[in-house]
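Next up, entry_19.pdb (PDB, C-alpha atoms and all ligand atoms):
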ATOM      1  CA  MET A   1       0.000   0.000   0.000
ATOM      2  CA  ALA A   2       2.946   2.306   0.512
ATOM      3  CA  GLU A   3       3.105   3.230  -3.154
ATOM      4  CA  ARG A   4      -0.422   4.606  -2.912
ATOM      5  CA  SER A   5       0.385   7.067  -0.194
ATOM      6  CA  GLY A   6      -0.247  10.783  -0.495
ATOM      7  CA  SER A   7      -1.863  12.242  -3.541
ATOM      8  CA  ALA A   8      -1.561   9.032  -5.530
ATOM      9  CA  GLY A   9      -4.565   7.872  -3.537
ATOM     10  CA  THR A  10      -6.854  10.179  -5.438
ATOM     11  CA  ASP A  11      -6.344   8.027  -8.517
ATOM     12  CA  SER A  12      -8.552   5.376  -7.041
ATOM     13  CA  SER A  13     -11.110   7.823  -5.765
ATOM     14  CA  GLY A  14     -13.674   7.567  -8.463
ATOM     15  CA  VAL A  15     -13.724  11.364  -8.411
ATOM     16  CA  ARG A  16     -13.105  11.661 -12.093
ATOM     17  CA  SER A  17     -10.118  13.849 -12.734
ATOM     18  CA  ASP A  18     -11.267  14.286 -16.321
ATOM     19  CA  SER A  19     -14.861  15.060 -15.452
ATOM     20  CA  GLY A  20     -14.474  18.682 -16.490
ATOM     21  CA  SER A  21     -13.620  17.946 -20.116
ATOM     22  CA  GLU A  22     -15.836  14.901 -20.459
ATOM     23  CA  ASP A  23     -18.978  16.618 -19.311
ATOM     24  CA  LEU A  24     -18.701  19.848 -21.214
ATOM     25  CA  THR A  25     -21.795  19.074 -23.256
ATOM     26  CA  GLY A  26     -23.769  17.722 -20.337
ATOM     27  CA  ASP A  27     -24.604  18.984 -16.921
ATOM     28  CA  SER A  28     -21.053  19.303 -15.657
ATOM     29  CA  ARG A  29     -22.234  21.045 -12.478
ATOM     30  CA  SER A  30     -23.891  17.923 -11.223
ATOM     31  CA  THR A  31     -20.720  15.807 -11.283
ATOM     32  CA  ASP A  32     -19.268  14.964  -7.897
ATOM     33  CA  GLY A  33     -15.885  16.410  -8.750
ATOM     34  CA  ALA A  34     -17.212  19.773  -9.847
ATOM     35  CA  ASP A  35     -20.003  20.442  -7.391
ATOM     36  CA  PRO A  36     -18.849  21.401  -3.895
ATOM     37  CA  THR A  37     -22.378  21.091  -2.493
ATOM     38  CA  ALA A  38     -22.162  17.316  -3.001
ATOM     39  CA  VAL A  39     -19.536  17.106  -0.264
ATOM     40  CA  PHE A  40     -21.646  19.126   2.172
ATOM     41  CA  ASP A  41     -24.647  16.918   1.405
ATOM     42  CA  LEU A  42     -22.574  13.841   2.118
ATOM     43  CA  LEU A  43     -21.350  15.125   5.457
ATOM     44  CA  ALA A  44     -24.730  16.373   6.622
ATOM     45  CA  ASP A  45     -25.209  13.065   8.396
ATOM     46  CA  GLU A  46     -23.772  11.931  11.724
ATOM     47  CA  THR A  47     -22.884   8.389  10.642
ATOM     48  CA  ARG A  48     -21.086   9.520   7.506
ATOM     49  CA  LEU A  49     -19.210  12.211   9.388
ATOM     50  CA  ALA A  50     -18.217   9.623  12.008
ATOM     51  CA  ILE A  51     -16.935   7.285   9.266
ATOM     52  CA  VAL A  52     -14.836  10.023   7.724
ATOM     53  CA  ARG A  53     -13.388  11.038  11.109
ATOM     54  CA  GLU A  54     -12.572   7.429  11.947
ATOM     55  CA  LEU A  55     -10.794   6.908   8.617
ATOM     56  CA  ALA A  56      -8.847  10.149   9.098
ATOM     57  CA  VAL A  57      -7.325   8.734  12.298
ATOM     58  CA  GLU A  58      -5.893   5.887  10.200
ATOM     59  CA  ARG A  59      -4.001   8.364   8.055
ATOM     60  CA  TYR A  60      -2.651  10.720  10.714
ATOM     61  CA  ALA A  61       0.772   9.045  11.042
ATOM     62  CA  ASN A  62       2.635  10.827   8.219
ATOM     63  CA  TRP A  63      -0.538  10.869   6.078
ATOM     64  CA  GLN A  64       0.078   7.182   5.412
ATOM     65  CA  TRP A  65      -2.264   5.357   3.042
ATOM     66  CA  SER A  66      -3.867   3.232   5.710
ATOM     67  CA  GLY A  67      -7.488   2.103   5.926
ATOM     68  CA  LYS A  68      -9.970  -0.132   7.693
ATOM     69  CA  THR A  69     -12.079  -3.093   6.655
ATOM     70  CA  PHE A  70     -15.863  -2.874   6.680
ATOM     71  CA  ALA A  71     -16.091  -4.778   9.978
ATOM     72  CA  GLU A  72     -13.350  -2.734  11.674
ATOM     73  CA  LEU A  73     -14.905   0.490  10.554
ATOM     74  CA  ARG A  74     -18.438  -0.465  11.594
ATOM     75  CA  ARG A  75     -17.152  -1.473  15.049
ATOM     76  CA  ALA A  76     -15.216   1.792  15.432
ATOM     77  CA  VAL A  77     -18.169   3.940  14.431
ATOM     78  CA  GLY A  78     -20.536   1.847  16.535
ATOM     79  CA  VAL A  79     -23.401   1.141  14.140
ATOM     80  CA  ALA A  80     -25.244  -2.101  14.924
ATOM     81  CA  ASP A  81     -27.235  -2.358  11.688
ATOM     82  CA  ALA A  82     -24.861  -3.602   8.961
ATOM     83  CA  GLY A  83     -27.294  -2.741   6.174
ATOM     84  CA  ASN A  84     -27.680   0.823   7.372
ATOM     85  CA  PHE A  85     -23.911   1.186   7.809
ATOM     86  CA  SER A  86     -23.280  -0.195   4.330
ATOM     87  CA  TYR A  87     -25.735   2.323   2.859
ATOM     88  CA  HIS A  88     -23.797   5.258   4.336
ATOM     89  CA  LEU A  89     -20.378   3.853   3.470
ATOM     90  CA  GLU A  90     -21.415   3.282  -0.132
ATOM     91  CA  LYS A  91     -22.585   6.877  -0.381
ATOM     92  CA  LEU A  92     -19.123   8.071   0.651
ATOM     93  CA  THR A  93     -17.210   5.637  -1.540
ATOM     94  CA  GLY A  94     -15.918   7.216  -4.701
ATOM     95  CA  ARG A  95     -16.324  10.703  -3.278
ATOM     96  CA  LEU A  96     -14.473  11.039   0.004
ATOM     97  CA  VAL A  97     -13.560   7.420   0.532
ATOM     98  CA  ALA A  98     -11.783   4.927  -1.710
ATOM     99  CA  LYS A  99     -12.141   1.155  -1.531
ATOM    100  CA  ASP A 100      -9.018  -0.871  -2.191
ATOM    101  CA  GLY A 101      -9.159  -4.654  -1.722
ATOM    102  CA  ASP A 102     -11.315  -5.117   1.349
ATOM    103  CA  GLU A 103     -10.247  -1.870   3.012
ATOM    104  CA  TYR A 104     -11.678   1.643   2.932
ATOM    105  CA  TYR A 105      -9.439   4.724   2.849
ATOM    106  CA  LEU A 106     -10.064   8.426   3.338
ATOM    107  CA  LEU A 107      -9.025  10.512   0.338
ATOM    108  CA  ASN A 108      -6.771  13.539   0.763
ATOM    109  CA  HIS A 109      -9.453  16.203   0.401
ATOM    110  CA  GLY A 110     -11.405  14.391   3.120
ATOM    111  CA  LEU A 111      -8.441  14.845   5.454
ATOM    112  CA  GLN A 112      -8.601  18.603   4.992
ATOM    113  CA  ILE A 113     -12.294  18.652   5.818
ATOM    114  CA  VAL A 114     -11.840  16.516   8.935
ATOM    115  CA  GLY A 115      -9.011  18.814  10.088
ATOM    116  CA  ALA A 116     -11.390  21.771   9.923
ATOM    117  CA  VAL A 117     -14.079  19.808  11.773
ATOM    118  CA  GLU A 118     -11.642  18.856  14.567
ATOM    119  CA  SER A 119     -10.533  22.478  14.962
ATOM    120  CA  GLY A 120     -14.099  23.406  15.874
ATOM    121  CA  ARG A 121     -14.510  25.735  12.910
ATOM    122  CA  TYR A 122     -17.940  24.291  12.082
ATOM    123  CA  SER A 123     -19.076  23.569  15.629
ATOM    124  CA  ASP A 124     -19.858  26.780  17.423
ATOM    125  CA  THR A 125     -18.341  30.199  17.843
ATOM    126  CA  GLY A 126     -16.342  29.161  20.916
ATOM    127  CA  GLU A 127     -15.971  30.718  24.336
ATOM    128  CA  VAL A 128     -15.281  34.429  24.559
ATOM    129  CA  VAL A 129     -11.747  34.935  25.875
ATOM    130  CA  ARG A 130     -10.471  38.312  26.990
ATOM    131  CA  GLY A 131      -7.166  39.108  28.681
ATOM    132  CA  GLU A 132      -4.282  41.516  28.968
ATOM    133  CA  THR A 133      -1.172  40.882  26.876
ATOM    134  CA  SER A 134       2.400  41.958  27.648
ATOM    135  CA  TYR A 135       2.383  44.411  24.731
ATOM    136  CA  ASP A 136       1.784  48.114  25.270
ATOM    137  CA  CYS A 137      -0.316  50.407  23.145
ATOM    138  CA  PRO A 138       1.991  52.007  20.543
ATOM    139  CA  TYR A 139       0.477  55.473  21.001
ATOM    140  CA  PRO A 140       3.151  57.629  22.678
ATOM    141  CA  ASP A 141       0.777  59.110  25.237
ATOM    142  CA  CYS A 142      -0.950  55.848  26.079
ATOM    143  CA  GLN A 143       0.254  53.648  28.930
ATOM    144  CA  ARG A 144      -2.275  50.877  28.581
ATOM    145  CA  ALA A 145      -1.516  47.250  27.892
ATOM    146  CA  LEU A 146      -3.066  45.833  24.744
ATOM    147  CA  GLU A 147      -5.758  43.271  25.340
ATOM    148  CA  GLY A 148      -6.475  40.153  23.373
ATOM    149  CA  VAL A 149     -10.140  39.438  22.685
ATOM    150  CA  TYR A 150     -11.405  36.229  21.133
ATOM    151  CA  GLU A 151     -15.019  36.325  20.007
ATOM    152  CA  ASP A 152     -16.970  34.854  17.064
ATOM    153  CA  GLN A 153     -13.859  32.906  15.964
ATOM    154  CA  TYR A 154     -12.033  36.204  15.645
ATOM    155  CA  PHE A 155      -8.958  37.230  17.662
ATOM    156  CA  ARG A 156      -8.279  40.935  18.023
ATOM    157  CA  LEU A 157      -5.375  42.745  19.624
ATOM    158  CA  ARG A 158      -6.655  46.108  20.809
ATOM    159  CA  CYS A 159      -6.101  49.012  23.151
ATOM    160  CA  PRO A 160      -9.105  49.602  25.415
ATOM    161  CA  ASP A 161      -8.768  53.348  24.728
ATOM    162  CA  HIS A 162      -7.875  53.277  21.066
ATOM    163  CA  HIS A 163      -8.721  50.709  18.449
ATOM    164  CA  ARG A 164      -7.878  47.350  17.020
ATOM    165  CA  PHE A 165      -4.276  46.777  15.923
ATOM    166  CA  ALA A 166      -4.388  43.271  14.565
ATOM    167  CA  ALA A 167      -7.070  40.706  13.957
ATOM    168  CA  THR A 168      -7.291  37.267  12.521
ATOM    169  CA  ILE A 169      -9.803  34.443  12.200
ATOM    170  CA  LEU A 170      -8.866  31.527  14.445
ATOM    171  CA  PRO A 171     -10.711  28.269  15.147
ATOM    172  CA  PRO A 172     -12.067  27.784  18.709
ATOM    173  CA  ILE A 173      -9.540  25.103  19.672
ATOM    174  CA  VAL A 174      -6.650  27.584  19.443
ATOM    175  CA  ALA A 175      -8.328  30.110  21.720
ATOM    176  CA  ALA A 176      -9.271  27.404  24.216
ATOM    177  CA  GLU A 177      -5.709  26.093  24.506
ATOM    178  CA  HIS A 178      -3.614  29.281  24.664
ATOM    179  CA  SER A 179      -3.080  32.406  26.747
ATOM    180  CA  PRO A 180      -3.637  35.893  25.248
ATOM    181  CA  ASP A 181       0.148  36.320  24.764
ATOM    182  CA  GLU A 182       0.379  32.969  23.020
ATOM    183  CA  LEU A 183      -2.561  33.942  20.814
ATOM    184  CA  VAL A 184      -0.681  37.087  19.821
ATOM    185  CA  GLU A 185       2.268  34.903  18.799
ATOM    186  CA  ILE A 186       0.085  32.455  16.887
ATOM    187  CA  THR A 187      -1.799  35.269  15.154
ATOM    188  CA  THR A 188       1.507  36.863  14.201
ATOM    189  CA  LEU A 189       2.887  33.651  12.718
ATOM    190  CA  ASP A 190      -0.374  33.135  10.844
ATOM    191  CA  THR A 191      -0.301  36.664   9.427
ATOM    192  CA  ARG A 192       3.325  36.278   8.370
ATOM    193  CA  GLN A 193       2.531  33.005   6.683
ATOM    194  CA  ASP A 194      -0.363  34.626   4.801
ATOM    195  CA  ILE A 195       1.915  37.423   3.598
ATOM    196  CA  GLN A 196       4.675  35.008   2.590
ATOM    197  CA  ARG A 197       2.233  32.853   0.705
ATOM    198  CA  ALA A 198       0.754  35.857  -1.104
ATOM    199  CA  ARG A 199       4.282  37.017  -1.988
ATOM    200  CA  ALA A 200       4.883  33.579  -3.501
ATOM    201  CA  GLY A 201       1.833  34.178  -5.724
ATOM    202  CA  VAL A 202      -0.611  31.967  -3.831
ATOM    203  CA  CYS A 203      -3.801  33.203  -2.149
ATOM    204  CA  PRO A 204      -3.888  32.530   1.614
ATOM    205  CA  ASN A 205      -7.650  32.056   1.365
ATOM    206  CA  CYS A 206      -8.232  29.865  -1.706
ATOM    207  CA  TRP A 207      -4.733  29.055  -3.097
ATOM    208  CA  GLY A 208      -5.592  30.903  -6.329
ATOM    209  CA  PRO A 209      -3.062  32.978  -8.322
ATOM    210  CA  THR A 210      -2.245  36.187  -6.479
ATOM    211  CA  ASP A 211      -0.563  39.381  -7.689
ATOM    212  CA  ALA A 212       1.610  41.694  -5.616
ATOM    213  CA  THR A 213       1.653  45.461  -6.165
ATOM    214  CA  LEU A 214       4.097  47.917  -4.638
ATOM    215  CA  PRO A 215       3.341  50.741  -4.144
ATOM    216  CA  VAL A 216      -0.457  50.734  -4.142
ATOM    217  CA  GLU A 217      -1.696  53.776  -6.047
ATOM    218  CA  GLU A 218      -4.807  54.445  -4.001
ATOM    219  CA  PRO A 219      -4.628  52.454  -0.798
ATOM    220  CA  THR A 220      -7.852  51.892   1.111
ATOM    221  CA  MET A 221      -6.374  50.699   4.396
ATOM    222  CA  PRO A 222      -5.268  54.048   5.899
ATOM    223  CA  SER A 223      -8.784  55.465   5.723
ATOM    224  CA  GLN A 224     -10.081  52.343   7.447
ATOM    225  CA  ILE A 225      -7.807  52.554  10.440
ATOM    226  CA  GLU A 226      -6.345  56.029  10.663
ATOM    227  CA  ALA A 227      -7.902  58.783   8.630
ATOM    228  CA  ASP A 228      -5.140  61.359   9.042
ATOM    229  CA  LEU A 229      -2.258  59.224   7.805
ATOM    230  CA  PRO A 230       0.113  61.117   5.459
ATOM    231  CA  GLU A 231      -0.797  60.871   1.809
ATOM    232  CA  ASP A 232       2.616  59.539   0.822
ATOM    233  CA  THR A 233       2.213  56.414   2.959
ATOM    234  CA  VAL A 234       3.605  53.484   0.965
ATOM    235  CA  LEU A 235       1.728  50.200   1.076
ATOM    236  CA  ALA A 236       1.983  46.839  -0.662
ATOM    237  CA  ALA A 237      -1.154  45.066  -1.883
ATOM    238  CA  PHE A 238      -2.025  41.482  -2.747
ATOM    239  CA  ASP A 239      -4.964  40.564  -4.979
ATOM    240  CA  CYS A 240      -6.241  37.084  -5.690
ATOM    241  CA  ARG A 241      -7.475  36.537  -9.252
ATOM    242  CA  GLN A 242      -9.651  33.599  -8.192
ATOM    243  CA  CYS A 243     -11.606  34.538  -5.044
ATOM    244  CA  GLY A 244     -11.054  38.288  -5.090
ATOM    245  CA  LEU A 245      -9.370  38.477  -1.692
ATOM    246  CA  SER A 246      -7.409  41.684  -1.463
ATOM    247  CA  PHE A 247      -5.311  43.069   1.371
ATOM    248  CA  GLU A 248      -2.762  45.811   1.992
ATOM    249  CA  VAL A 249       0.239  45.685   4.314
ATOM    250  CA  PRO A 250       3.052  48.053   5.229
ATOM    251  CA  PRO A 251       6.095  46.982   3.140
ATOM    252  CA  GLY A 252       8.007  46.267   6.366
ATOM    253  CA  ALA A 253       5.664  43.331   6.983
ATOM    254  CA  CYS A 254       7.137  41.722   3.839
ATOM    255  CA  VAL A 255      10.690  41.634   5.220
ATOM    256  CA  VAL A 256      10.099  40.361   8.772
ATOM    257  CA  ASP A 257      11.329  36.911   7.735
ATOM    258  CA  HIS A 258      14.205  38.121   5.552
ATOM    259  CA  PRO A 259      17.482  36.513   6.764
ATOM    260  CA  ALA A 260      19.219  39.915   7.040
ATOM    261  CA  VAL A 261      16.457  41.257   9.290
ATOM    262  CA  VAL A 262      16.328  38.115  11.425
ATOM    263  CA  ALA A 263      20.147  38.139  11.821
ATOM    264  CA  PHE A 264      20.147  41.867  12.611
ATOM    265  CA  TYR A 265      17.646  41.383  15.432
ATOM    266  CA  GLU A 266      19.450  38.267  16.705
ATOM    267  CA  ASP A 267      22.734  40.216  16.830
ATOM    268  CA  HIS A 268      21.012  42.713  19.089
ATOM    269  CA  GLY A 269      19.674  39.982  21.331
ATOM    270  CA  GLU A 270      16.106  40.440  20.198
ATOM    271  CA  PRO A 271      14.527  37.390  18.634
ATOM    272  CA  LEU A 272      11.842  38.230  16.085
ATOM    273  CA  ARG A 273       9.844  35.043  16.198
ATOM    274  CA  GLY A 274       6.216  35.590  17.062
ATOM    275  CA  ARG A 275       6.691  39.296  17.788
ATOM    276  CA  PRO A 276       3.646  41.174  16.542
ATOM    277  CA  HIS A 277       4.059  43.811  13.870
ATOM    278  CA  ILE A 278       2.730  46.374  16.322
ATOM    279  CA  ASP A 279       5.919  45.821  18.344
ATOM    280  CA  LEU A 280       8.238  46.284  15.345
ATOM    281  CA  PRO A 281       8.686  49.925  14.288
ATOM    282  CA  PHE A 282       9.762  49.014  10.733
ATOM    283  CA  CYS A 283       6.357  47.374  10.191
ATOM    284  CA  GLY A 284       4.594  50.638  10.949
ATOM    285  CA  LEU A 285       2.490  52.402   8.356
ATOM    286  CA  ALA A 286       4.957  55.244   7.841
ATOM    287  CA  SER A 287       8.140  53.161   7.778
ATOM    288  CA  ALA A 288       8.765  52.889   4.038
ATOM    289  CA  ALA A 289       9.751  55.415   1.384
ATOM    290  CA  LEU A 290       9.354  55.290  -2.375
ATOM    291  CA  GLU A 291      12.853  56.114  -3.644
ATOM    292  CA  SER A 292      12.292  55.595  -7.350
ATOM    293  CA  THR A 293       9.545  54.550  -9.743
ATOM    294  CA  GLY A 294      11.515  53.344 -12.752
ATOM    295  CA  PRO A 295      12.271  50.707 -11.632
ATOM    296  CA  VAL A 296      10.312  50.783  -8.397
ATOM    297  CA  ARG A 297      12.518  50.868  -5.322
ATOM    298  CA  VAL A 298      10.900  51.117  -1.891
ATOM    299  CA  ARG A 299      13.290  51.570   0.975
ATOM    300  CA  ILE A 300      12.668  50.244   4.466
ATOM    301  CA  ASP A 301      14.864  51.321   7.346
ATOM    302  CA  VAL A 302      15.205  48.954  10.277
ATOM    303  CA  PRO A 303      16.868  50.879  13.118
ATOM    304  CA  LEU A 304      17.973  49.096  16.273
ATOM    305  CA  ASP A 305      20.062  50.675  19.033
ATOM    306  CA  ASP A 306      22.634  52.731  17.051
ATOM    307  CA  ASP A 307      22.680  50.453  14.020
ATOM    308  CA  CYS A 308      20.557  50.515  10.922
ATOM    309  CA  LEU A 309      19.672  47.971   8.281
ATOM    310  CA  SER A 310      18.125  49.213   5.039
ATOM    311  CA  LEU A 311      16.337  47.066   2.490
ATOM    312  CA  TRP A 312      15.039  47.897  -0.984
ATOM    313  CA  LEU A 313      12.007  46.211  -2.480
ATOM    314  CA  ASP A 314      10.907  46.059  -6.123
ATOM    315  CA  SER A 315       7.355  46.402  -7.471
ATOM    316  CA  GLU A 316       6.566  42.791  -6.505
ATOM    317  CA  THR A 317       7.852  43.102  -2.919
ATOM    318  CA  ASN A 318      11.081  41.190  -3.630
ATOM    319  CA  VAL A 319      14.120  42.332  -1.650
ATOM    320  CA  VAL A 320      16.593  43.404  -4.346
ATOM    321  CA  GLU A 321      19.244  44.902  -2.107
ATOM    322  CA  TYR A 322      20.099  45.442   1.528
ATOM    323  CA  GLU A 323      22.786  47.253   3.434
ATOM    324  CA  ARG A 324      23.776  47.251   7.074
ATOM    325  CA  GLU A 325      25.336  50.310   8.603
ATOM    326  CA  CYS A 326      26.906  50.005  12.010
ATOM    327  CA  GLU A 327      28.033  52.985  14.040
TER     328      GLU A 327
HETATM  329 ZN    ZN B   1      -3.916  53.122  23.599
HETATM  330 ZN    ZN B   2      -8.190  33.579  -3.324
END
How does this structure look as structure tokens?
Amino acid sequence: MAERSGSAGTDSSGVRSDSGSEDLTGDSRSTDGADPTAVFDLLADETRLAIVRELAVERYANWQWSGKTFAELRRAVGVADAGNFSYHLEKLTGRLVAKDGDEYYLLNHGLQIVGAVESGRYSDTGEVVRGETSYDCPYPDCQRALEGVYEDQYFRLRCPDHHRFAATILPPIVAAEHSPDELVEITTLDTRQDIQRARAGVCPNCWGPTDATLPVEEPTMPSQIEADLPEDTVLAAFDCRQCGLSFEVPPGACVVDHPAVVAFYEDHGEPLRGRPHIDLPFCGLASAALESTGPVRVRIDVPLDDDCLSLWLDSETNVVEYERECE
């Protein structure tokens, strides 16, 4: 079975990989492979969801191609009526489950769905969590600690007197298992991953093709969060051509993971990992300058103690040059 591990498993799925071209003249929307509602219909049943979850457990060790026989599976799910169990298993087979010999296997896209189910994303909105973090409000005249608030599957980092500084959608299990400071770290890593993925041309929402633009000609973000931001504020934008997701970030947020920046902070005894953008001056909204337009060069200064690291980005947010000046 080892040779069938990973994506090779989809070959035996019965989800026709050629369904798109074959059904062009017919009702292609009704094919299992093309219609996402078919999957939701399938899982809108407790027994079928239990089967899929049970088969996922089989694959959790390195996503191995491992399955269960009919009898093993029926025992694990706990359905006494074999006929009834068979009915539900047959419905899944060829869509989310593959049969190979006398064993049933969960297909790869089923694993993704079960992961989301286990995270609590589809269960409820989760407990409301609210607590102080160890980060201070960045406003110079504000002494208050930022608080982390988790509500409606949404984690926000905010100052009680000002506004929200960062927010991200998180599943309930993360909020239930971590402190507000840990949630700040997790949110930060998640945001960085989203930005890195978008910079690599992949949408963090739907994996569709994504374009980077630097600088954005008419940014919308400043008006959303701070109306009186200078007009020459430089922002980078990412736009997905498939789902339409679009978001703007300060250019500094694109270089947080750059080796020169990480090394610079390490040399000053300040690890960067998990540190929110709000705590990094070079990720601020006014931290970048457009030095030239042909070709585009946006300069970001990263000052630390008496040293400074400067980086230059091109129109697609790639770092084309950097320079470290020590005093
Ligand atoms: Zn404040
Ligand atoms: Zn997308």
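For the atom pair formed by atom CA of Gly284 of chain A and atom CA of Glu325 of chain A, the distance is 20.9 Å, given to one decimal.
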Exercise for the section: Considering only C-alpha atoms and all ligand atoms, state which residue in the set A:Pro303, A:Pro230, A:Gly208, A:Gly83 is at the smallest distance from ligand ZN 2 (chain B). Expected result: A:Gly208
Exercise for the section: Carefully work through the PyMOL selection byres (((not hetatm)) within 6 of (chain B and resi 2)) for this structure and note down the residues it includes, as a ChimeraX atom specification. Expected result: /A:203,205-208,240,242-245
Closest-contact table, chain A side, partner ligand ZN 1 (chain B), 6 Å, counting all atoms listed in the file, as CSV:
residue,atom,partner,partner_atom,distance
A:Cys137,CA,B:ZN1,ZN,4.5
A:Tyr139,CA,B:ZN1,ZN,5.6
A:Cys142,CA,B:ZN1,ZN,4.7
A:Arg144,CA,B:ZN1,ZN,5.7
A:Cys159,CA,B:ZN1,ZN,4.7
A:Asp161,CA,B:ZN1,ZN,5.0
A:His162,CA,B:ZN1,ZN,4.7
Residues of segment 106-201 of chain A at most 8 Å from segment 47-62 of chain A: nearest atom pair and distance in Å, only C-alpha atoms, as a tab-separated table:
residue	atom	partner	partner_atom	distance
A:Leu106	CA	A:Leu55	CA	5.5
A:Gly110	CA	A:Val52	CA	7.2
A:Leu111	CA	A:Ala56	CA	6.0
A:Val114	CA	A:Arg53	CA	6.1
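Atom CA of Leu285 of chain A is positioned 12.6 Å from atom CA of Thr220 of chain A.
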Handout entry: Using only C-alpha atoms: which of A:Arg197, A:Lys99, A:His258, A:Arg299 has the shortest distance to Leu235 of chain A
Key = A:Arg299
Practice task
Quick one: pull the distance between atom CA of Asp279 of chain A and atom CA of Arg199 of chain A, Å, one decimal.
Solution key: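 Separation between atom CA of Asp279 of chain A and atom CA of Arg199 of chain A: 22.2 Å.
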